[in-house]
2 protein chains.
Amino acid sequence: MSFDRLISRIIELKNPTVVGLDPKLEYVPAFIQERYMEKDGGTLKAAAKAIFDFNKAIIDEIHDLVPAIKPQAAYYEMYGHHGIKTLEKTIQYAQLNGMFVITDAKRNDIGATMQAYASAHLGSVNVQENEIAPFGADALTVNGYLGTDGIDPLLEECRKNDKGIYVLVKTSNPSSGELQDMKLADGRTIYECMGDMCEKWGADTVGKYGYSAVGAVVGATYPEMLTLLRKRLPHTMFLVPGYGAQGGGAEGLRGGFDENGLGAIVNSSRAVMCAYKKEGCDEREFAQAARREVIRMRDDICQYINLK
Amino acid sequence: MSFDRLISRIIELKNPTVVGLDPKLEYVPAFIQERYMEKDGGTLKAAAKAIFDFNKAIIDEIHDLVPAIKPQAAYYEMYGHHGIKTLEKTIQYAQLNGMFVITDAKRNDIGATMQAYASAHLGSVNVQENEIAPFGADALTVNGYLGTDGIDPLLEECRKNDKGIYVLVKTSNPSSGELQDMKLADGRTIYECMGDMCEKWGADTVGKYGYSAVGAVVGATYPEMLTLLRKRLPHTMFLVPGYGAQGGGAEGLRGGFDENGLGAIVNSSRAVMCAYKKEGCDEREFAQAARREVIRMRDDICQYINLK
């Protein structure tokens, strides 16, 4: 009922990073695409099958080094229900390989409907006599615009099934400030207000490392805000997108971590999935190139933090 | 590239309502569930198939009366990829029957990822030589917390494929005010600020009825804000949840409409899907009971507005 499972694995592997599996079809090497396109032609089903093979090979190569993956739901929804099946299989495969899975879906709704999302992604669903976990992720990203009754059903799953959530606080994109940086009458920015809500929502789920089951998404592209929020939200673990491809550097991440090198997990997606393109190696080596990139990333980030 | 298609149909049917298809399995009559559970047992697949039959029968009974359906993605995700297949089939079936489909998914992400959601839900995806529309809805609900670059990819689909979006402004749930009602330093509330952004985003997509492709979700449970926002956002069409089961009455909706009875579409989900339970009629009459409820709802709302 906190992020203890994830943090323990971060300490064990000495690696506070997560690999985003956001597999656009164009990232998947031709030799894998051909496996299915030759048989089924250019269909959503063939694309989804190729993407699963791609994900699987990357997981095989990185699971002993990286504590977690973060599949981005949008890139699976792109392939309709076939893509969603690949999402389910990717989650299962990563967990079988000891990885913690954060589904990046930024879900949000009113209470009754949020219960359905919570059951789908973190909990289980009853069909007649059977209780089935449709996705069974370990954590889910969510949007807190609707307030507490859109968060409560998630907290219930966190407590019951030892899961976690990351609430959008300060996102990594260029226009994130349009709303999030607005000043409130009470002097706070909207993102500070949202951060304060995370502390409140997580208050009774703080685990042995001092962090609750309610984390926050804070972009690497805004290092000063990362530092400010680390001080302001002492029990809120950060999921940090925007490192690498989006422009956030490793030194700027330092402020997101506490004095023990904990309190944050940094995501990289494209740089890992497309490492073989950047390296210019044979496309059949895409998974080994991904492995080389996660090692490079781990070492790049760890030089600035105090993770023992 | 506006909501003209939907508004034309509202005028044609003299009915500014939309039926929310949020089919919890417990809403589906036993005789339909048994069709599939006997064969497949209590599986997600059997549940998803039963839900499609339920949706199909309701669409058959209401498509000549109601301009649109609004399937809520959460209730399909609950059944994993089988549920998503039912969502796809429901959208297709409703459109084949002349209905406008608003997928209620409240999606949100940074630009590159929002492009994937936009392609998935409103646009199309290329796989080799084929261009395929995975969901093909007519409109999508979205959350604007990430600002303009999370909205731009949707606007592109709106322009290219004559689609629309509804951005969450003031939601219908009890705790919606926690963030949305906060006062900004400039005197506006957050929901007013979000509403103003909708006007801006939609500015160059205004159609023949005066409304743009960017609508707003404004809950029926806050009638005074509905009235205030109608005046403030003259080009923004409202999607209004919260009528009926959530407690919003028909008279309070009046303020959401303009002087021609346009500018809003009111949703009802549970009251339509479960009309047979409330009526206490035979469960085999569930679709006819749904038809009776949509007529009652239409007449209830139309007595307060000036739709010619």
# chains A, B, ... in the order shown; residues from 1 in each chain; ligands from 1

$ select_by_dssp --residues "segment 4-44 of chain A" --states "alpha helix (DSSP H)" --output "ChimeraX atom specification"
/A:4-13,30-40,44

$ residues_around --residues "Thr227 of chain A" --least-positions-apart "5" --cutoff "10 Å" --atoms "only C-alpha atoms" --output "list in words"
Tyr222, Arg232, Gly252, Leu253, Arg254, Gly255, Gly256, Phe257 and Asp258 of chain A

$ select_by_dssp --residues "segment 46-148 of chain B" --states "strand (DSSP E or B)" --output "PyMOL selection string"
chain B and resi 68-72+100-107+125-127+130-132+139-142

$ write_last_selection --atoms "C-alpha atoms" --output "PDB file, in the first residue's frame"
ATOM      1  CA  ALA B  68     -26.146  10.366 -30.049  1.00  0.00           C
ATOM      2  CA  ILE B  69     -24.680   7.790 -27.719  1.00  0.00           C
ATOM      3  CA  LYS B  70     -21.830   8.301 -25.298  1.00  0.00           C
ATOM      4  CA  PRO B  71     -20.033   5.068 -24.425  1.00  0.00           C
ATOM      5  CA  GLN B  72     -17.871   5.474 -21.311  1.00  0.00           C
ATOM      6  CA  PHE B 100     -23.341  10.406 -33.526  1.00  0.00           C
ATOM      7  CA  VAL B 101     -20.876   8.772 -31.131  1.00  0.00           C
ATOM      8  CA  ILE B 102     -19.073  10.600 -28.327  1.00  0.00           C
ATOM      9  CA  THR B 103     -16.466   8.362 -26.707  1.00  0.00           C
ATOM     10  CA  ASP B 104     -16.216   9.441 -23.082  1.00  0.00           C
ATOM     11  CA  ALA B 105     -12.586   8.646 -22.307  1.00  0.00           C
ATOM     12  CA  LYS B 106     -11.264  11.918 -20.827  1.00  0.00           C
ATOM     13  CA  ARG B 107      -7.920  11.277 -22.509  1.00  0.00           C
ATOM     14  CA  VAL B 125      -3.511   4.636 -38.217  1.00  0.00           C
ATOM     15  CA  ASN B 126      -1.242   3.487 -41.020  1.00  0.00           C
ATOM     16  CA  VAL B 127      -0.118  -0.135 -41.066  1.00  0.00           C
ATOM     17  CA  ASN B 130      -3.475   0.335 -45.128  1.00  0.00           C
ATOM     18  CA  GLU B 131      -5.108   3.256 -43.344  1.00  0.00           C
ATOM     19  CA  ILE B 132      -7.354   1.987 -40.563  1.00  0.00           C
ATOM     20  CA  ALA B 139     -16.147  13.080 -30.739  1.00  0.00           C
ATOM     21  CA  LEU B 140     -14.001  12.441 -27.678  1.00  0.00           C
ATOM     22  CA  THR B 141     -14.010  13.851 -24.162  1.00  0.00           C
ATOM     23  CA  VAL B 142     -10.598  15.098 -23.038  1.00  0.00           C
TER      24      VAL B 142
END

$ closest_atom_pairs --of "segment 86-171 of chain A" --to "segment 144-154 of chain B" --cutoff "10 Å" --atoms "only C-alpha atoms" --output "tab-separated table"
residue	atom	partner	partner_atom	distance
A:Asn143	CA	B:Tyr145	CA	8.0
A:Gly144	CA	B:Tyr145	CA	9.1
A:Tyr145	CA	B:Tyr145	CA	7.3
A:Leu168	CA	B:Tyr145	CA	8.6
A:Val169	CA	B:Tyr145	CA	9.3
A:Lys170	CA	B:Leu146	CA	8.6
A:Thr171	CA	B:Leu146	CA	6.8

$ closest_residue --among "A:Ile10, A:Ala57, A:Leu155, A:Val167" --to "chain B" --atoms "only C-alpha atoms"
A:Val167

$ closest_residue --among "B:Gly195, B:Glu279, B:Asn173, B:Arg5" --to "Gly248 of chain B" --atoms "only C-alpha atoms"
B:Asn173

$ closest_residue --among "B:Tyr76, B:Tyr117, B:Phe286, B:Tyr166" --to "chain A" --atoms "only C-alpha atoms"
B:Tyr117

$ residues_around --residues "Ala220 of chain A" --least-positions-apart "2" --cutoff "7 Å" --atoms "only C-alpha atoms" --output "mmCIF file with C-alpha atoms, in the first residue's frame"
data_model
loop_
_atom_site.group_PDB
_atom_site.id
_atom_site.type_symbol
_atom_site.label_atom_id
_atom_site.label_comp_id
_atom_site.auth_asym_id
_atom_site.auth_seq_id
_atom_site.Cartn_x
_atom_site.Cartn_y
_atom_site.Cartn_z
ATOM 1 C CA SER A 172 7.057 17.766 -19.112
ATOM 2 C CA VAL A 218 6.898 15.934 -12.455
ATOM 3 C CA TYR A 222 11.485 21.785 -15.331
ATOM 4 C CA PRO A 223 14.410 21.099 -12.930
ATOM 5 C CA VAL A 240 9.899 11.907 -13.934
ATOM 6 C CA PRO A 241 9.343 11.901 -17.703
ATOM 7 C CA GLY A 242 11.223 14.123 -20.125
ATOM 8 C CA TYR A 243 14.784 12.853 -19.623
ATOM 9 C CA GLY A 248 15.895 17.059 -19.640
ATOM 10 C CA LEU A 253 17.250 15.573 -12.087
#

$ atom_distance --atom1 "atom CA of Ile51 of chain B" --atom2 "atom CA of Val28 of chain B"
6.7 Å

$ atom_distance --atom1 "atom CA of Ala118 of chain A" --atom2 "atom CA of Met197 of chain A"
18.9 Å

$ residues_around --residues "segment 185-193 of chain A" --least-positions-apart "5" --cutoff "12 Å" --atoms "only C-alpha atoms" --output "PyMOL selection string"
(chain A and resi 143-145+147+167-171+176-180+198-200+216-219+225-226+228-233) or (chain B and resi 145-146+178-190+193)

$ write_last_selection --atoms "C-alpha atoms" --output "CSV table (one decimal), in the first residue's frame"
chain,number,residue,atom,x,y,z
A,143,ASN,CA,-5.2,13.1,-13.6
A,144,GLY,CA,-6.6,14.8,-10.5
A,145,TYR,CA,-8.6,17.5,-12.1
A,147,GLY,CA,-10.7,16.0,-7.1
A,167,VAL,CA,-1.0,12.0,-10.2
A,168,LEU,CA,-0.1,14.6,-12.9
A,169,VAL,CA,1.4,17.6,-11.1
A,170,LYS,CA,3.8,19.3,-13.4
A,171,THR,CA,4.0,17.7,-16.8
A,176,SER,CA,2.3,22.5,-19.3
A,177,GLY,CA,2.5,26.0,-17.7
A,178,GLU,CA,-0.6,27.4,-19.4
A,179,LEU,CA,-2.8,26.0,-16.7
A,180,GLN,CA,-0.4,24.3,-14.2
A,198,CYS,CA,-1.1,14.3,-3.4
A,199,GLU,CA,0.4,14.6,0.0
A,200,LYS,CA,-3.1,14.7,1.6
A,216,ALA,CA,3.3,12.7,-8.6
A,217,VAL,CA,4.3,13.1,-12.3
A,218,VAL,CA,6.9,15.9,-12.5
A,219,GLY,CA,8.7,16.6,-15.7
A,225,MET,CA,10.2,22.9,-10.0
A,226,LEU,CA,11.4,19.4,-9.4
A,228,LEU,CA,11.0,22.9,-5.2
A,229,LEU,CA,8.4,20.1,-5.2
A,230,ARG,CA,10.9,17.6,-3.6
A,231,LYS,CA,11.1,19.8,-0.6
A,232,ARG,CA,7.4,20.6,-0.5
A,233,LEU,CA,6.1,17.0,-0.9
B,145,TYR,CA,-4.7,20.0,-17.7
B,146,LEU,CA,-1.7,19.7,-20.0
B,178,GLU,CA,-11.7,21.1,-4.9
B,179,LEU,CA,-9.5,22.1,-7.8
B,180,GLN,CA,-12.0,23.5,-10.4
B,181,ASP,CA,-13.6,26.2,-8.1
B,182,MET,CA,-10.2,27.5,-6.8
B,183,LYS,CA,-9.8,31.2,-7.3
B,184,LEU,CA,-6.9,32.4,-9.5
B,185,ALA,CA,-4.9,35.5,-8.7
B,186,ASP,CA,-6.6,37.1,-11.8
B,187,GLY,CA,-10.1,36.7,-10.2
B,188,ARG,CA,-11.3,33.8,-12.4
B,189,THR,CA,-11.9,30.3,-11.1
B,190,ILE,CA,-9.9,27.4,-12.6
B,193,CYS,CA,-10.0,29.7,-17.0

$ atom_distance --atom1 "atom CA of Gln115 of chain A" --atom2 "atom CA of Glu77 of chain B"
11.5 Å

$ closest_residue --among "B:Ala213, B:Cys302, B:Leu307, B:Val294" --to "Phe3 of chain B" --atoms "only C-alpha atoms"
B:Ala213

$ closest_residue --among "A:Ile84, A:Ala50, A:Ala264, A:Val19" --to "chain B" --atoms "only C-alpha atoms"
A:Ile84

$ decode --residues "segment 46-121 of chain B" --atoms "C-alpha atoms" --output "compact mmCIF listing (two decimals), in the first residue's frame"
# COMPACT_ATOMS: atom_id res chain seq x y z
CA ALA B 46 -18.52 -13.75 -22.28
CA ALA B 47 -19.21 -10.55 -20.35
CA ALA B 48 -18.09 -8.39 -23.28
CA LYS B 49 -20.30 -10.32 -25.71
CA ALA B 50 -23.32 -10.00 -23.43
CA ILE B 51 -22.70 -6.26 -23.13
CA PHE B 52 -22.62 -5.87 -26.91
CA ASP B 53 -26.01 -7.57 -27.26
CA PHE B 54 -27.37 -5.28 -24.56
CA ASN B 55 -26.03 -2.15 -26.28
CA LYS B 56 -27.24 -3.31 -29.69
CA ALA B 57 -30.79 -3.85 -28.50
CA ILE B 58 -30.87 -0.40 -26.88
CA ILE B 59 -29.48 1.25 -30.03
CA ASP B 60 -32.13 -0.56 -32.10
CA GLU B 61 -34.86 0.92 -29.93
CA ILE B 62 -33.60 4.50 -29.55
CA HIS B 63 -31.74 5.46 -32.75
CA ASP B 64 -34.79 7.05 -34.35
CA LEU B 65 -35.36 9.24 -31.29
CA VAL B 66 -31.93 10.13 -29.87
CA PRO B 67 -29.15 11.83 -31.86
CA ALA B 68 -26.15 10.37 -30.05
CA ILE B 69 -24.68 7.79 -27.72
CA LYS B 70 -21.83 8.30 -25.30
CA PRO B 71 -20.03 5.07 -24.43
CA GLN B 72 -17.87 5.47 -21.31
CA ALA B 73 -14.49 3.85 -21.99
CA ALA B 74 -13.96 2.75 -18.37
CA TYR B 75 -16.83 0.27 -18.52
CA TYR B 76 -15.29 -1.40 -21.56
CA GLU B 77 -11.72 -1.37 -20.24
CA MET B 78 -13.11 -3.30 -17.27
CA TYR B 79 -13.36 -6.31 -19.55
CA GLY B 80 -9.88 -5.98 -21.02
CA HIS B 81 -9.36 -6.29 -24.76
CA HIS B 82 -12.65 -8.16 -25.09
CA GLY B 83 -14.39 -5.12 -23.67
CA ILE B 84 -12.52 -2.85 -26.06
CA LYS B 85 -13.72 -4.99 -28.97
CA THR B 86 -17.27 -4.43 -27.72
CA LEU B 87 -16.57 -0.69 -27.61
CA GLU B 88 -15.44 -0.76 -31.26
CA LYS B 89 -18.48 -2.77 -32.31
CA THR B 90 -20.84 -0.51 -30.35
CA ILE B 91 -19.45 2.62 -32.03
CA GLN B 92 -19.80 1.04 -35.47
CA TYR B 93 -23.30 -0.22 -34.85
CA ALA B 94 -24.54 3.13 -33.57
CA GLN B 95 -23.05 4.95 -36.57
CA LEU B 96 -24.59 2.44 -38.98
CA ASN B 97 -27.88 3.41 -37.37
CA GLY B 98 -27.28 7.10 -37.98
CA MET B 99 -26.15 8.01 -34.47
CA PHE B 100 -23.34 10.41 -33.53
CA VAL B 101 -20.88 8.77 -31.13
CA ILE B 102 -19.07 10.60 -28.33
CA THR B 103 -16.47 8.36 -26.71
CA ASP B 104 -16.22 9.44 -23.08
CA ALA B 105 -12.59 8.65 -22.31
CA LYS B 106 -11.26 11.92 -20.83
CA ARG B 107 -7.92 11.28 -22.51
CA ASN B 108 -4.98 13.59 -21.94
CA ASP B 109 -1.25 13.56 -22.56
CA ILE B 110 1.64 15.55 -24.00
CA GLY B 111 1.61 16.37 -27.72
CA ALA B 112 3.35 13.34 -29.26
CA THR B 113 1.28 10.90 -27.19
CA MET B 114 -1.94 12.83 -27.63
CA GLN B 115 -1.39 12.36 -31.35
CA ALA B 116 -1.63 8.62 -30.73
CA TYR B 117 -4.90 9.02 -28.79
CA ALA B 118 -6.28 11.35 -31.48
CA SER B 119 -5.43 8.85 -34.23
CA ALA B 120 -6.88 5.98 -32.20
CA HIS B 121 -10.20 7.55 -31.30
